[in-house]
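Read through the structure below, which is laid out as structure tokens, and then see the notes.
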Amino acid sequence: MAVASWSIPAIPRAGPTARGVLLGGAFLTAARPPVAWRCRATAPRRVRLGGVVARAGAAETPVAGSGEAGLVFSEKFPLRRSRTVEGKAWVRVDAEPDGEGKCKVVIGCDVEGKWVLHWGVSYDGEQGREWDQPPSDMRPPGSVPIKDYAIETPLDTPHNSEGKTIHELQIKIDKGTSIAAINFVLKEEETGAWFQHKGQDFRIPLSGSSGGDLLGTEQDIDVRPGALGHLSNVLQKPEGPIAEPHKTVPDDKGSRTKHISGFYEEYPILKTVYVQNFVTVNVRENIETNKHAVEFDTDIPGEVIIHWGVCKDNTMTWEIPPEPHPPATMIFRQKALQTMLQQKADGTGNSLSFLLDGEYSGLIFVVKLDEYTWLRNVENGFDFYIPLTRADADETHKADKQKADDKSSQTDGLISDIRNLVVGLSSRRGQRAKNKVLQEDILQEIERLAAEAYSIFRSPTIDTVEESVYIDDSSIVKPACSGTGSGFEILCQGFNWESHKSGKWYVELGSKAKELSSMGFTIVWSPPPTDSVSPEGYMPRDLYNLNSRYGTMEELKEAVKRFHEAGMKVLGDAVLNHRCAQFQNQNGVWNIFGGRLNWDDRAVVADDPHFQGRGNKSSGDNFHAAPNIDHSQDFVRSDLKEWLCWMRKEVGYDGWRLDFVRGFWGGYVHDYLEASEPYFAVGEYWDSLSYTYGEMDYNQDAHRQRIVDWINATNGTAGAFDVTTKGILHSALERSEYWRLSDEKGKPPGVLGWWPSRAVTFLENHDTGSTQGHWRFPFGMELQGYVYILTHPGTPAIFYDHIFSHLQPEIAKLISIRNRQKIHCRSKIKILKAEGNLYAAEIDDRVTMKIGAGHFEPSGPTKWVVAAEGQGYKVWEVPS
């Protein structure tokens, strides 16, 4: 097929890819310099553009002409951008009893939204940080119980004397109560976000020994979209000279014995919301001068830049017009023009007008607001395409009227193209050595088509998923950074939260290499290898010091060697978001780094108030336990690329598990993976599912969309853990609500239902299970969960504690079935049943499975043989 591109000579490589921003509970797609432009001027479907060099035309400021200009195109496009709302939350304890002998706790905030208090209590003498539901006489009207440990109460919205809306809730308590503390988290229902104190639950001391991290000093509220996990173990007590500014010691009771005393504290709080704007584009054609007059008008205030390019004729080749360009224009990375709009005299927004030669047939653009905010067409997620001739404009409007049919033809065309490419590739198996370059080109084209398919699939009207494509991997050259390895990977997490305690974990893990390989595992995920403040390795300090609590560098290299000898790949756990400092600055803040990467505070983001960084603002969410690294700095990216490549060469790692990737833009991940060329990579994009009054919502599209958009921001070079699937499995199995396992389109409801080749499915890991148990999988139902992920598309990951337990025989049997029937990350799935107590599906016409107590037997002409069965599950296969 023809692949179109736009560029100026000598720079054929495409720019970084798109990124997304979560705004007020929905996802706004914004593009950093786009990887590709897509248009519909002359083609039956949108085309992804690569790196073809093209000749240029002309663009200039409009001048008066003698001919009459006719309107060719006019449209007002909606835009959605983010706005940060600043406010405060507060806690007030009134210790003086009222007429009923009650004291009063008041919790409130002044930020717009629908606020709910998720809360419980702790009693005197209780250990740990577990919650109990408050007694009935403490519960304000409208409270709803949440299981057996908490309740949720909506905040009221009265108005104060200044007319500003505030939200408050009053909780009345007895003066002599035995309750030691009130524990709570603020929940904003419109976004589903949880707002915490110092990364943990708020704890208001009342009386007795309340323990934990009590309110008493002003701190920022952390936004933790995670599944209300009690994150006490994430923030570890430092070793050595590093003093974390807000460490917590959850079980430290100390001597905090208090009776109710009054206090008042405020906490800064930020919320990001949608703002609706528009951009209007008019195109007028002057036949006598053979010019197009292009006019932009937007109501967005402040600095606005149009990032744009043009095409001509029917070649679908995009170009940068040569000078003269409109005023305030610059060439961006030899890829496009960037023109700053001029502020309108009435202050209502910005506008721009300029002329283009009549030889051009189309113009493409993205609205740029800042380095990380690039607004595209919210209707379809693509960059804006503007036809410059009447014929093209008429064709565009016809296409708009038949949008649903277009999408169907787009997906059919993509699938056909992919199949044709695969057939062509397979026919050249005997010429592998001579045609490696050709094969790589074809595979790269498949990846481009898959990325375009994703752009179609992610639309709200999506009605299909990634088509199953089987590729004989033994006869082809795989592109670097595919994100999926061969597509047949089965991942073992090779450690748990306690593994560091032996001091010889690498030795122990390496001794199991042959056993894991014989079970059918292809990749093992090893723990963080660097020197770290916390013994588990997730607070890295000196990145080049690979002597850790898990063992020495030589023991690590030996373990990797043993896995390679057993035919398995090894992933290193790379913590790139944050790094602990070795030295203090002049203010006593720990933000100066030592070792080989001796960065100063320029390497720390500027918007984390705890560490006084002099870098730029963070491109993601801050992890307040350690300095967040500013990946926009060239020296930081250069050093991290060099470190990753050194780890690949020195240790022998084959790929990466990337920690806390919500903390920095996925485009940086793309840069790191492009440099280190991993065989397999997976990111930990941990995010909260949607709940309403404690009940998980059926539709979790917004949740999986955020994960999918992060994958897309990496240009598909990494997969992501399918947290959506894990969360839905929890509710489906625990509550016998198996109907949750089919989305509104009849597809799997997690990431594997939208982008299966990038979905790494799992039940448990070192955070959710092990001794932390932050989000433990329903007890006794683990095998049902493994039946699901080991028979379905995606890349399944199995937790170490489950492998070496009583579950091992059945897990090994399920892995054997998956390998025997060649189920892979893009396998085709057909959901047969999704009811209250039953879920059943057929995969690749080779395997049928069911989980749940309901009865099911496969039907039809196929001869099915039982391959595995147990409590609540059964698997059939087609005999070989």
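Chains: A, B, ... in order of the structure tokens. Residues: from 1 per chain. Ligands: from 1, in order shown.
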Neighbouring residues of segment 785-801 of chain A were defined as those with any atom within 7 Å, considering only C-alpha atoms; residues of the same chain fewer than 2 positions away were excluded. Please report them as a PyMOL selection string. chain A and resi 489-496+752+756-765+781-783+803-805+814-815+818+824-827+843
Pick out the residues sitting within 9 Å of Asp621 of chain A, and hand them over as a ChimeraX atom specification; count only C-alpha atoms, and ignore anything fewer than 4 positions along from it in its own chain. /A:223,661-664
Could you pull the residues within 9 Å of Lys114 of chain A, counting only C-alpha atoms, minus those fewer than 6 positions along the same chain, as a list in words?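 In the requested form, the answer reads Pro154, Leu155, His167, Lys187, Glu188, Glu189 and Glu190 of chain A.
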Top pick for closest residue to Lys822 of chain A, considering A:Val878, A:Val106, A:Ile386, A:Ile523 and counting only C-alpha atoms: A:Val878
Which of segment 275-318 of chain A DSSP labels strand (DSSP E or B), written as an MDAnalysis selection string: chainID A and resid 275:286 291:298 305:312 318
Show which residues sit within 12 Å of Ser499 of chain A, as a PyMOL selection string. Count only C-alpha atoms, and ignore same-chain residues fewer than 2 positions away. chain A and resi 493-497+501-509+526-528+535-537+548-551+766+770-771+800-801
Could you save the residues just selected, with C-alpha atoms, as an mmCIF file, in the first residue's frame?
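Below is the file that was written, result-v4.cif:
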data_model
loop_
_atom_site.group_PDB
_atom_site.id
_atom_site.type_symbol
_atom_site.label_atom_id
_atom_site.label_comp_id
_atom_site.auth_asym_id
_atom_site.auth_seq_id
_atom_site.Cartn_x
_atom_site.Cartn_y
_atom_site.Cartn_z
ATOM 1 C CA GLN A 493 7.102 -12.470 38.400
ATOM 2 C CA GLY A 494 10.185 -13.872 40.072
ATOM 3 C CA PHE A 495 9.909 -12.391 43.570
ATOM 4 C CA ASN A 496 7.533 -11.166 46.278
ATOM 5 C CA TRP A 497 7.603 -8.375 48.876
ATOM 6 C CA LYS A 501 15.251 -10.646 53.343
ATOM 7 C CA SER A 502 17.366 -13.666 52.458
ATOM 8 C CA GLY A 503 20.096 -11.500 50.953
ATOM 9 C CA LYS A 504 20.629 -14.281 48.386
ATOM 10 C CA TRP A 505 17.507 -14.038 46.265
ATOM 11 C CA TYR A 506 19.360 -14.021 42.943
ATOM 12 C CA VAL A 507 20.950 -17.337 43.865
ATOM 13 C CA GLU A 508 17.597 -18.829 44.869
ATOM 14 C CA LEU A 509 15.783 -17.518 41.810
ATOM 15 C CA SER A 526 13.430 -9.941 38.385
ATOM 16 C CA PRO A 527 13.341 -7.390 41.248
ATOM 17 C CA PRO A 528 14.829 -3.854 41.148
ATOM 18 C CA PRO A 535 15.225 -2.813 50.912
ATOM 19 C CA GLU A 536 12.637 -3.812 48.298
ATOM 20 C CA GLY A 537 14.459 -1.657 45.741
ATOM 21 C CA SER A 548 21.347 -4.782 46.597
ATOM 22 C CA ARG A 549 19.450 -6.672 49.272
ATOM 23 C CA TYR A 550 18.669 -9.320 46.659
ATOM 24 C CA GLY A 551 22.346 -10.142 46.172
ATOM 25 C CA HIS A 766 4.287 -7.989 45.116
ATOM 26 C CA SER A 770 2.362 -11.249 49.231
ATOM 27 C CA THR A 771 2.603 -9.800 52.745
ATOM 28 C CA TYR A 800 5.791 -16.223 42.209
ATOM 29 C CA ASP A 801 3.823 -17.070 45.376
#
Atom CA of Asn577 of chain A sits from atom CA of Phe202 of chain A at a separation of 25.3 Å
Exercise: His564 of chain A partners within 12 Å, only C-alpha atoms, chain neighbours under 5 positions left out, as a list in words: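 Here the qualifying residues turn out to be Gly510, Ala513, Lys514, Leu516, Ser517, Thr522, Ile523, Val524, Lys557, Glu558, Ala559, Lys569, Val570, Leu571, Val651, Gly652, Tyr653 and Asp654 of chain A.
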Export, as a compact mmCIF listing (two decimals), in the first residue's frame, the selected residues with all heavy atoms.
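Result file follows (part-v3.txt):
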# COMPACT_ATOMS: atom_id res chain seq x y z
N GLY A 510 17.78 -18.03 40.52
CA GLY A 510 18.50 -18.68 39.43
C GLY A 510 18.43 -20.20 39.49
O GLY A 510 18.42 -20.87 38.45
N ALA A 513 15.53 -21.72 37.43
CA ALA A 513 15.43 -21.40 36.00
C ALA A 513 14.93 -22.58 35.18
O ALA A 513 13.99 -22.46 34.38
CB ALA A 513 16.78 -20.91 35.48
N LYS A 514 15.53 -23.74 35.36
CA LYS A 514 15.13 -24.90 34.56
C LYS A 514 13.70 -25.32 34.88
O LYS A 514 12.94 -25.70 33.98
CB LYS A 514 16.10 -26.06 34.81
CG LYS A 514 17.49 -25.83 34.24
CD LYS A 514 18.38 -27.05 34.45
CE LYS A 514 19.75 -26.84 33.83
NZ LYS A 514 20.65 -28.01 34.03
N LEU A 516 11.19 -23.43 35.95
CA LEU A 516 10.24 -22.47 35.36
C LEU A 516 10.17 -22.64 33.85
O LEU A 516 9.09 -22.58 33.25
CB LEU A 516 10.65 -21.05 35.72
CG LEU A 516 10.47 -20.66 37.19
CD1 LEU A 516 11.14 -19.32 37.48
CD2 LEU A 516 9.00 -20.60 37.57
N SER A 517 11.32 -22.89 33.23
CA SER A 517 11.33 -23.10 31.79
C SER A 517 10.54 -24.36 31.41
O SER A 517 9.78 -24.36 30.44
CB SER A 517 12.77 -23.20 31.29
OG SER A 517 12.80 -23.47 29.90
N THR A 522 8.33 -18.18 29.55
CA THR A 522 9.29 -17.69 28.58
C THR A 522 10.08 -16.48 29.09
O THR A 522 11.15 -16.18 28.57
CB THR A 522 8.60 -17.28 27.26
OG1 THR A 522 7.69 -16.20 27.52
CG2 THR A 522 7.82 -18.46 26.69
N ILE A 523 9.52 -15.76 30.07
CA ILE A 523 10.17 -14.57 30.61
C ILE A 523 10.04 -14.57 32.13
O ILE A 523 9.00 -14.96 32.66
CB ILE A 523 9.52 -13.27 30.08
CG1 ILE A 523 9.56 -13.21 28.55
CG2 ILE A 523 10.22 -12.03 30.63
CD1 ILE A 523 8.99 -11.93 27.98
N VAL A 524 11.09 -14.11 32.81
CA VAL A 524 11.01 -13.92 34.26
C VAL A 524 11.27 -12.44 34.55
O VAL A 524 12.15 -11.82 33.96
CB VAL A 524 12.01 -14.81 35.02
CG1 VAL A 524 13.45 -14.48 34.63
CG2 VAL A 524 11.81 -14.70 36.52
N LYS A 557 24.17 -11.35 37.65
CA LYS A 557 24.60 -11.74 36.31
C LYS A 557 24.58 -13.26 36.14
O LYS A 557 24.22 -13.77 35.07
CB LYS A 557 26.00 -11.19 36.04
CG LYS A 557 26.02 -9.67 35.93
CD LYS A 557 27.43 -9.09 35.99
CE LYS A 557 28.24 -9.47 34.79
NZ LYS A 557 29.58 -8.80 34.80
N GLU A 558 24.93 -13.98 37.19
CA GLU A 558 24.90 -15.43 37.12
C GLU A 558 23.46 -15.93 36.99
O GLU A 558 23.19 -16.89 36.23
CB GLU A 558 25.55 -16.02 38.37
CG GLU A 558 25.54 -17.55 38.43
CD GLU A 558 26.30 -18.21 37.30
OE1 GLU A 558 27.21 -17.57 36.72
OE2 GLU A 558 25.98 -19.39 36.99
N ALA A 559 22.53 -15.31 37.71
CA ALA A 559 21.12 -15.71 37.62
C ALA A 559 20.59 -15.48 36.20
O ALA A 559 19.89 -16.32 35.62
CB ALA A 559 20.28 -14.95 38.64
N LYS A 569 13.92 -15.37 28.81
CA LYS A 569 14.35 -13.98 28.84
C LYS A 569 14.20 -13.43 30.27
O LYS A 569 13.45 -13.98 31.07
CB LYS A 569 13.51 -13.12 27.88
CG LYS A 569 13.45 -13.65 26.46
CD LYS A 569 14.77 -13.51 25.74
CE LYS A 569 14.63 -13.89 24.26
NZ LYS A 569 15.91 -13.80 23.54
N VAL A 570 14.90 -12.33 30.55
CA VAL A 570 14.87 -11.74 31.89
C VAL A 570 14.55 -10.24 31.77
O VAL A 570 15.20 -9.53 31.01
CB VAL A 570 16.21 -11.92 32.63
CG1 VAL A 570 16.12 -11.34 34.04
CG2 VAL A 570 16.60 -13.40 32.67
N LEU A 571 13.56 -9.80 32.54
CA LEU A 571 13.22 -8.38 32.60
C LEU A 571 13.83 -7.77 33.86
O LEU A 571 13.73 -8.33 34.95
CB LEU A 571 11.70 -8.17 32.66
CG LEU A 571 10.84 -8.71 31.52
CD1 LEU A 571 9.40 -8.27 31.71
CD2 LEU A 571 11.36 -8.25 30.17
N VAL A 651 24.55 -6.63 32.43
CA VAL A 651 23.79 -7.65 33.17
C VAL A 651 23.21 -8.70 32.25
O VAL A 651 23.14 -9.88 32.59
CB VAL A 651 22.66 -6.99 34.01
CG1 VAL A 651 21.85 -8.04 34.75
CG2 VAL A 651 23.24 -5.97 34.97
N GLY A 652 22.80 -8.27 31.06
CA GLY A 652 22.19 -9.20 30.12
C GLY A 652 20.67 -9.16 30.11
O GLY A 652 20.02 -10.05 29.55
N TYR A 653 20.08 -8.12 30.71
CA TYR A 653 18.62 -8.00 30.70
C TYR A 653 18.11 -7.98 29.26
O TYR A 653 18.71 -7.38 28.36
CB TYR A 653 18.18 -6.71 31.38
CG TYR A 653 18.24 -6.73 32.89
CD1 TYR A 653 18.81 -5.65 33.58
CD2 TYR A 653 17.73 -7.79 33.62
CE1 TYR A 653 18.86 -5.64 34.97
CE2 TYR A 653 17.77 -7.79 35.00
CZ TYR A 653 18.34 -6.72 35.68
OH TYR A 653 18.38 -6.73 37.05
N ASP A 654 16.94 -8.61 29.05
CA ASP A 654 16.31 -8.64 27.73
C ASP A 654 15.20 -7.62 27.59
O ASP A 654 14.65 -7.46 26.48
CB ASP A 654 15.75 -10.04 27.47
CG ASP A 654 16.82 -11.11 27.57
OD1 ASP A 654 17.64 -11.20 26.65
OD2 ASP A 654 16.83 -11.85 28.59
Contacts of Val85 of chain A at 10 Å or less, counting only C-alpha atoms, minus same-chain residues fewer than 3 places along, as a list in words? Ser82, Val111, Glu112, Ile269, Leu270, Lys271, Thr272 and Val273 of chain A
Pick out the residues sitting within 12 Å of Leu169 of chain A, and hand them over as a list in words; count only C-alpha atoms, and ignore anything fewer than 6 positions along from it in its own chain.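 Surrounding residues, per the criterion: Ala89, Trp90, Val91, Arg92, Val93, Lys104, Val105, Val106, Ile107, Gly108, Cys109, Trp115, Val116, Leu117, His118, Trp119, Arg139, Pro140, Pro141, Gly142, Ser143, Glu152, Thr153, Pro154, Leu155, Asp156, Thr157, Pro158 and Leu186 of chain A.
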Rounded to one decimal, what separation in Å do you get between atom CA of Arg602 of chain A and atom CA of Gly615 of chain A? 4.5 Å
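If you measure from each of A:Trp710, A:Phe278, A:Trp646, A:Phe660 to Arg80 of chain A using only C-alpha atoms, the closest one turns out to be A:Phe278.
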